[in-house]
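All remarks here apply to the structure that follows.
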Amino acid sequence: MEQSNSLGLMNDKLLGFLEEEFKISKLNRLPEKYGGGNIFSHPLVGVAQGNDPIFHKFKKIIGQKHLTPLEMWIASGQDQLSASELYVVSIVFPFVDKIRKESNNPIVLPKITLPAERYIAFATGLGTFSLHEGLITEVGCNIRLASVVTNTPIKISRRKSDEPYANCLSYAKGICKECINKCPANAITVKGHNKVKCNKYRMKVARKMVPRLGSILKPDSRRINWKLKEDIFIVGCELCQFGVPCMEKNPMLSYDMDYS
Ligand code: SF4
Ligand code: SF4
């Protein structure tokens, strides 16, 4: 019990630190010419243990190149230890209400969430996948994600279920499918999300938006399909995630109220 309390204290400290950073960091401010104010509101944090069997499942589902926390730890030059001594912390960055509301119109926001981040967030119990393939968390899918692997002991958050689509109304209840109508590229059907069609449309958007947003975008380096791409601007589309029931909440939590 004593150990659980001290681990819980570590979670509180981490959350307090992030809350403070979100308040004061200049990186969390929109340029004044776009109205100023914060970009992200209160962070959410989930934690999985490094030896959680789900990370080995991801290797089978996504591919062998999807590293486990221990493999990531070793690959980044850290000392060998056992997977159970590692903790994976996933952080949800929810956009502030102002941005969520204004983005109901076709405005395009920089996209920085990588698929692997969604898997890590799922592993820590922060949300589940969906028809449009975004992660639906308790604050919806209009979020960005980041994660770290650490050997600092911290309290594990419980995954409510290993069902990967539990928060999506289409998979869980056979209703909604509103994201299908929102997609200008017909990249979503009842069968799921077509990455090729989606990517083609997103590239088209990026060609238009990067010159317009250039002054506020920072060049990034990312591994895309395992290949390192440097000095790229990651700009998305995400129209399927705006003005839909899962935009700002987990719609399954209010399912009885909203649909009965
Ligand atoms: S809009 Fe509806 S069907 Fe599409 S992902 Fe969200 S909950 Fe699922
Ligand atoms: S990101 Fe854009 S193109 Fe891709 S599925 Fe969503 S709405 Fe369609």
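By order in the structure tokens, chains are A, B, ...; within a chain, residues start at 1; ligands start at 1, following the order shown.
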Give one line per residue of chain A that approaches ligand 2 to at most 10 Å, naming the two atoms of the closest pair and their distance in Å to one decimal, counting only C-alpha atoms and all ligand atoms; sort by chain then ascending residue number and deliver it as CSV.
residue,atom,partner,partner_atom_place_in_ligand_line,distance
A:Val108,CA,ligand 2,2 (Fe),9.6
A:Lys111,CA,ligand 2,1 (S),9.6
A:Leu131,CA,ligand 2,5 (S),9.3
A:His132,CA,ligand 2,5 (S),6.0
A:Glu133,CA,ligand 2,5 (S),8.1
A:Gly134,CA,ligand 2,6 (Fe),8.8
A:Cys179,CA,ligand 2,7 (S),7.4
A:Ile180,CA,ligand 2,8 (Fe),7.9
A:Asn181,CA,ligand 2,7 (S),8.8
A:Lys182,CA,ligand 2,7 (S),6.0
A:Cys183,CA,ligand 2,7 (S),3.7
A:Pro184,CA,ligand 2,8 (Fe),5.8
A:Ala185,CA,ligand 2,3 (S),5.1
A:Asn186,CA,ligand 2,8 (Fe),6.4
A:Ala187,CA,ligand 2,5 (S),5.0
A:Ile188,CA,ligand 2,5 (S),5.7
A:Thr189,CA,ligand 2,5 (S),9.5
A:Gly192,CA,ligand 2,5 (S),9.5
A:His193,CA,ligand 2,5 (S),6.4
A:Asn194,CA,ligand 2,5 (S),7.3
A:Lys195,CA,ligand 2,4 (Fe),7.3
A:Val196,CA,ligand 2,4 (Fe),9.0
A:Lys197,CA,ligand 2,3 (S),6.9
A:Cys198,CA,ligand 2,4 (Fe),3.8
A:Asn199,CA,ligand 2,4 (Fe),6.4
A:Lys200,CA,ligand 2,3 (S),7.7
A:Tyr201,CA,ligand 2,3 (S),5.2
A:Arg202,CA,ligand 2,3 (S),5.9
A:Met203,CA,ligand 2,3 (S),9.4
A:Lys204,CA,ligand 2,3 (S),9.7
A:Val205,CA,ligand 2,2 (Fe),9.0
A:Gly236,CA,ligand 2,1 (S),6.5
A:Cys237,CA,ligand 2,2 (Fe),4.4
A:Glu238,CA,ligand 2,1 (S),3.9
A:Leu239,CA,ligand 2,7 (S),4.2
A:Cys240,CA,ligand 2,7 (S),4.0
A:Gln241,CA,ligand 2,6 (Fe),6.8
A:Phe242,CA,ligand 2,7 (S),8.9
field: Within-6 Å residues of ligand 1, basis only C-alpha atoms and all ligand atoms, as a ChimeraX atom specification
entry: /A:130-132,168-170,176-179,244-246
query: Tell me, which residues of stretch 5-242 of chain A carry DSSP strand (DSSP E or B), written as a ChimeraX atom specification?
result: /A:29,38,40,44-49,87-95,110,127-128,136-137,140,143-150,188-189,192-193,220-224,227-232,235
Put those residues in a file: N, CA and C atoms, as a CSV table (one decimal), in the first residue's frame.
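again-v9.csv was written with the following content:
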chain,number,residue,atom,x,y,z
A,29,ARG,N,1.7,28.2,-27.3
A,29,ARG,CA,0.9,29.4,-27.6
A,29,ARG,C,0.8,29.5,-29.1
A,38,ASN,N,-3.6,29.6,-25.6
A,38,ASN,CA,-3.0,28.3,-25.6
A,38,ASN,C,-3.5,27.4,-26.8
A,40,PHE,N,-3.0,23.8,-26.4
A,40,PHE,CA,-3.5,22.6,-25.8
A,40,PHE,C,-4.0,22.9,-24.4
A,44,LEU,N,-3.7,14.6,-20.3
A,44,LEU,CA,-4.0,13.4,-19.7
A,44,LEU,C,-2.8,12.5,-19.7
A,45,VAL,N,-2.6,11.6,-18.7
A,45,VAL,CA,-1.5,10.8,-18.7
A,45,VAL,C,-1.9,9.3,-18.4
A,46,GLY,N,-1.3,8.4,-19.2
A,46,GLY,CA,-1.5,7.0,-18.9
A,46,GLY,C,-0.2,6.3,-18.8
A,47,VAL,N,-0.1,5.2,-18.0
A,47,VAL,CA,1.1,4.5,-17.8
A,47,VAL,C,1.0,3.0,-18.0
A,48,ALA,N,1.9,2.4,-18.8
A,48,ALA,CA,1.9,0.9,-19.0
A,48,ALA,C,3.2,0.4,-18.5
A,49,GLN,N,3.2,-0.9,-18.0
A,49,GLN,CA,4.5,-1.4,-17.6
A,49,GLN,C,5.2,-2.0,-18.8
A,87,TYR,N,8.7,1.7,-17.6
A,87,TYR,CA,7.4,2.2,-17.6
A,87,TYR,C,7.2,3.1,-18.9
A,88,VAL,N,6.1,2.9,-19.5
A,88,VAL,CA,5.8,3.7,-20.7
A,88,VAL,C,4.7,4.7,-20.4
A,89,VAL,N,5.1,6.0,-20.5
A,89,VAL,CA,4.1,7.1,-20.2
A,89,VAL,C,3.6,7.7,-21.5
A,90,SER,N,2.3,7.7,-21.6
A,90,SER,CA,1.7,8.3,-22.8
A,90,SER,C,1.0,9.6,-22.4
A,91,ILE,N,1.1,10.6,-23.2
A,91,ILE,CA,0.5,11.9,-22.8
A,91,ILE,C,-0.5,12.4,-23.9
A,92,VAL,N,-1.7,12.7,-23.5
A,92,VAL,CA,-2.7,13.2,-24.4
A,92,VAL,C,-2.6,14.8,-24.4
A,93,PHE,N,-2.5,15.4,-25.5
A,93,PHE,CA,-2.6,16.9,-25.6
A,93,PHE,C,-3.9,17.2,-26.2
A,94,PRO,N,-4.9,17.6,-25.5
A,94,PRO,CA,-6.2,18.0,-26.1
A,94,PRO,C,-6.2,19.4,-26.6
A,95,PHE,N,-6.7,19.7,-27.8
A,95,PHE,CA,-6.8,21.1,-28.3
A,95,PHE,C,-7.7,21.8,-27.4
A,110,PRO,N,-1.7,21.4,-38.1
A,110,PRO,CA,-0.5,20.6,-38.2
A,110,PRO,C,-0.8,19.2,-37.6
A,127,GLY,N,-7.3,5.3,-24.5
A,127,GLY,CA,-8.3,5.4,-25.5
A,127,GLY,C,-8.3,4.1,-26.3
A,128,THR,N,-9.2,4.1,-27.3
A,128,THR,CA,-9.2,3.0,-28.3
A,128,THR,C,-9.3,3.5,-29.7
A,136,ILE,N,-9.8,7.4,-29.8
A,136,ILE,CA,-10.9,8.1,-29.0
A,136,ILE,C,-10.6,8.0,-27.6
A,137,THR,N,-10.3,9.1,-26.9
A,137,THR,CA,-10.0,9.2,-25.5
A,137,THR,C,-11.2,9.7,-24.8
A,140,GLY,N,-12.1,12.9,-26.3
A,140,GLY,CA,-12.3,12.7,-27.8
A,140,GLY,C,-11.1,12.4,-28.5
A,143,ILE,N,-6.9,15.5,-30.6
A,143,ILE,CA,-5.8,15.5,-29.6
A,143,ILE,C,-4.5,15.3,-30.4
A,144,ARG,N,-3.4,15.5,-29.7
A,144,ARG,CA,-2.1,15.0,-30.2
A,144,ARG,C,-1.5,14.2,-29.1
A,145,LEU,N,-0.5,13.4,-29.4
A,145,LEU,CA,0.0,12.4,-28.4
A,145,LEU,C,1.5,12.5,-28.4
A,146,ALA,N,2.1,12.1,-27.2
A,146,ALA,CA,3.5,11.9,-27.1
A,146,ALA,C,3.8,10.8,-26.1
A,147,SER,N,5.0,10.3,-26.1
A,147,SER,CA,5.2,9.2,-25.0
A,147,SER,C,6.7,9.2,-24.7
A,148,VAL,N,7.0,8.7,-23.5
A,148,VAL,CA,8.4,8.5,-23.1
A,148,VAL,C,8.5,7.1,-22.4
A,149,VAL,N,9.7,6.5,-22.5
A,149,VAL,CA,9.9,5.3,-21.7
A,149,VAL,C,10.9,5.7,-20.6
A,150,THR,N,10.6,5.2,-19.4
A,150,THR,CA,11.5,5.6,-18.3
A,150,THR,C,11.6,4.4,-17.3
A,188,ILE,N,-13.0,6.7,-46.1
A,188,ILE,CA,-13.5,5.9,-45.0
A,188,ILE,C,-14.8,5.3,-45.4
A,189,THR,N,-14.9,4.0,-45.2
A,189,THR,CA,-16.2,3.2,-45.5
A,189,THR,C,-16.5,2.4,-44.3
A,192,GLY,N,-13.7,0.4,-43.0
A,192,GLY,CA,-12.6,1.0,-42.3
A,192,GLY,C,-11.9,2.1,-43.1
A,193,HIS,N,-10.7,2.4,-42.8
A,193,HIS,CA,-10.0,3.6,-43.3
A,193,HIS,C,-9.0,3.2,-44.3
A,220,ASP,N,10.6,19.0,-39.2
A,220,ASP,CA,10.6,17.8,-38.3
A,220,ASP,C,11.3,16.7,-39.0
A,221,SER,N,11.8,15.7,-38.2
A,221,SER,CA,12.4,14.5,-38.7
A,221,SER,C,11.5,13.3,-38.2
A,222,ARG,N,11.1,12.5,-39.0
A,222,ARG,CA,10.3,11.4,-38.6
A,222,ARG,C,10.6,10.1,-39.4
A,223,ARG,N,10.3,9.0,-38.8
A,223,ARG,CA,10.4,7.7,-39.5
A,223,ARG,C,9.1,7.4,-40.0
A,224,ILE,N,8.9,7.4,-41.4
A,224,ILE,CA,7.6,7.1,-42.0
A,224,ILE,C,7.8,5.8,-42.7
A,227,LYS,N,11.4,4.6,-42.7
A,227,LYS,CA,12.4,5.4,-43.4
A,227,LYS,C,12.5,6.7,-42.8
A,228,LEU,N,13.8,7.2,-42.5
A,228,LEU,CA,14.0,8.5,-41.9
A,228,LEU,C,13.8,9.6,-42.9
A,229,LYS,N,12.9,10.5,-42.6
A,229,LYS,CA,12.6,11.7,-43.5
A,229,LYS,C,13.0,12.9,-42.7
A,230,GLU,N,13.9,13.7,-43.2
A,230,GLU,CA,14.4,14.9,-42.5
A,230,GLU,C,13.8,16.1,-43.1
A,231,ASP,N,13.7,17.2,-42.3
A,231,ASP,CA,13.3,18.5,-42.7
A,231,ASP,C,11.9,18.4,-43.4
A,232,ILE,N,11.0,17.7,-42.8
A,232,ILE,CA,9.7,17.7,-43.4
A,232,ILE,C,8.7,18.5,-42.6
A,235,VAL,N,1.8,18.1,-42.1
A,235,VAL,CA,0.5,18.8,-42.1
A,235,VAL,C,-0.6,17.8,-42.5
message: From the options A:Ser161, A:Thr124, A:Asn151, A:Ser215, which residue's atoms come nearest to A:Leu86, counting only C-alpha atoms?
response: A:Asn151
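Atom CA of A:Leu18 to atom CA of A:His42 spans 8.5 Å [interatomic distance, one decimal].
The nearest approach to A:Leu14 among the residues A:Gly36, A:Pro43, A:Pro251, A:Pro164, with only C-alpha atoms taken into account, belongs to A:Pro43.
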message: Between atom CA of A:Gly63 and atom CA of A:Ala123, what distance in Å does the model show, to one decimal?
response: 16.2 Å
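Distance check against A:Ile24 using only C-alpha atoms: of A:Phe122, A:Gly37, A:Leu67, A:Asn11, the minimum falls on A:Gly37.
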Give me the residues within 9 Å of A:Leu253 as a short mmCIF file (atom, residue, chain, number, x, y, z; two decimals) with N, CA and C atoms, in the first residue's frame, counting only C-alpha atoms and dropping any in the same chain fewer than 4 places off.
data_model
loop_
_atom_site.label_atom_id
_atom_site.label_comp_id
_atom_site.auth_asym_id
_atom_site.auth_seq_id
_atom_site.Cartn_x
_atom_site.Cartn_y
_atom_site.Cartn_z
N GLU A 138 -11.04 9.94 -23.45
CA GLU A 138 -12.13 10.54 -22.67
C GLU A 138 -12.36 12.00 -23.07
N ASN A 167 -14.46 2.25 -27.93
CA ASN A 167 -15.03 3.61 -27.81
C ASN A 167 -15.70 4.12 -29.08
N LYS A 249 -15.27 13.86 -26.86
CA LYS A 249 -15.55 12.96 -25.73
C LYS A 249 -15.53 11.52 -26.22
N MET A 257 -27.59 8.13 -22.89
CA MET A 257 -28.26 9.44 -22.85
C MET A 257 -28.46 9.98 -24.27
#
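Excluding A:Asp97 itself and any same-chain residue fewer than 4 positions from it, the protein and nucleic acid residues within 9 Å of it, counting only C-alpha atoms, are Phe40, Ser41, Lys101, Glu102 and Glu248 of chain A.
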Could you write out the selected residues, including N, CA and C atoms, as a PDB file, in the first residue's frame?
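Below is the file result.pdb, written as the result:
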ATOM      1  N   PHE A  40      -3.043  23.795 -26.433  1.00  0.00           N
ATOM      2  CA  PHE A  40      -3.540  22.579 -25.767  1.00  0.00           C
ATOM      3  C   PHE A  40      -4.046  22.905 -24.365  1.00  0.00           C
ATOM      4  N   SER A  41      -5.110  22.223 -23.949  1.00  0.00           N
ATOM      5  CA  SER A  41      -5.614  22.410 -22.578  1.00  0.00           C
ATOM      6  C   SER A  41      -4.983  21.358 -21.657  1.00  0.00           C
ATOM      7  N   LYS A 101     -13.566  24.472 -31.832  1.00  0.00           N
ATOM      8  CA  LYS A 101     -14.764  25.077 -32.442  1.00  0.00           C
ATOM      9  C   LYS A 101     -14.431  25.669 -33.795  1.00  0.00           C
ATOM     10  N   GLU A 102     -13.333  26.453 -33.850  1.00  0.00           N
ATOM     11  CA  GLU A 102     -12.997  27.107 -35.116  1.00  0.00           C
ATOM     12  C   GLU A 102     -12.625  26.098 -36.180  1.00  0.00           C
ATOM     13  N   GLU A 248     -14.964  15.415 -29.065  1.00  0.00           N
ATOM     14  CA  GLU A 248     -14.561  15.997 -27.776  1.00  0.00           C
ATOM     15  C   GLU A 248     -14.763  15.066 -26.592  1.00  0.00           C
TER      16      GLU A 248
END
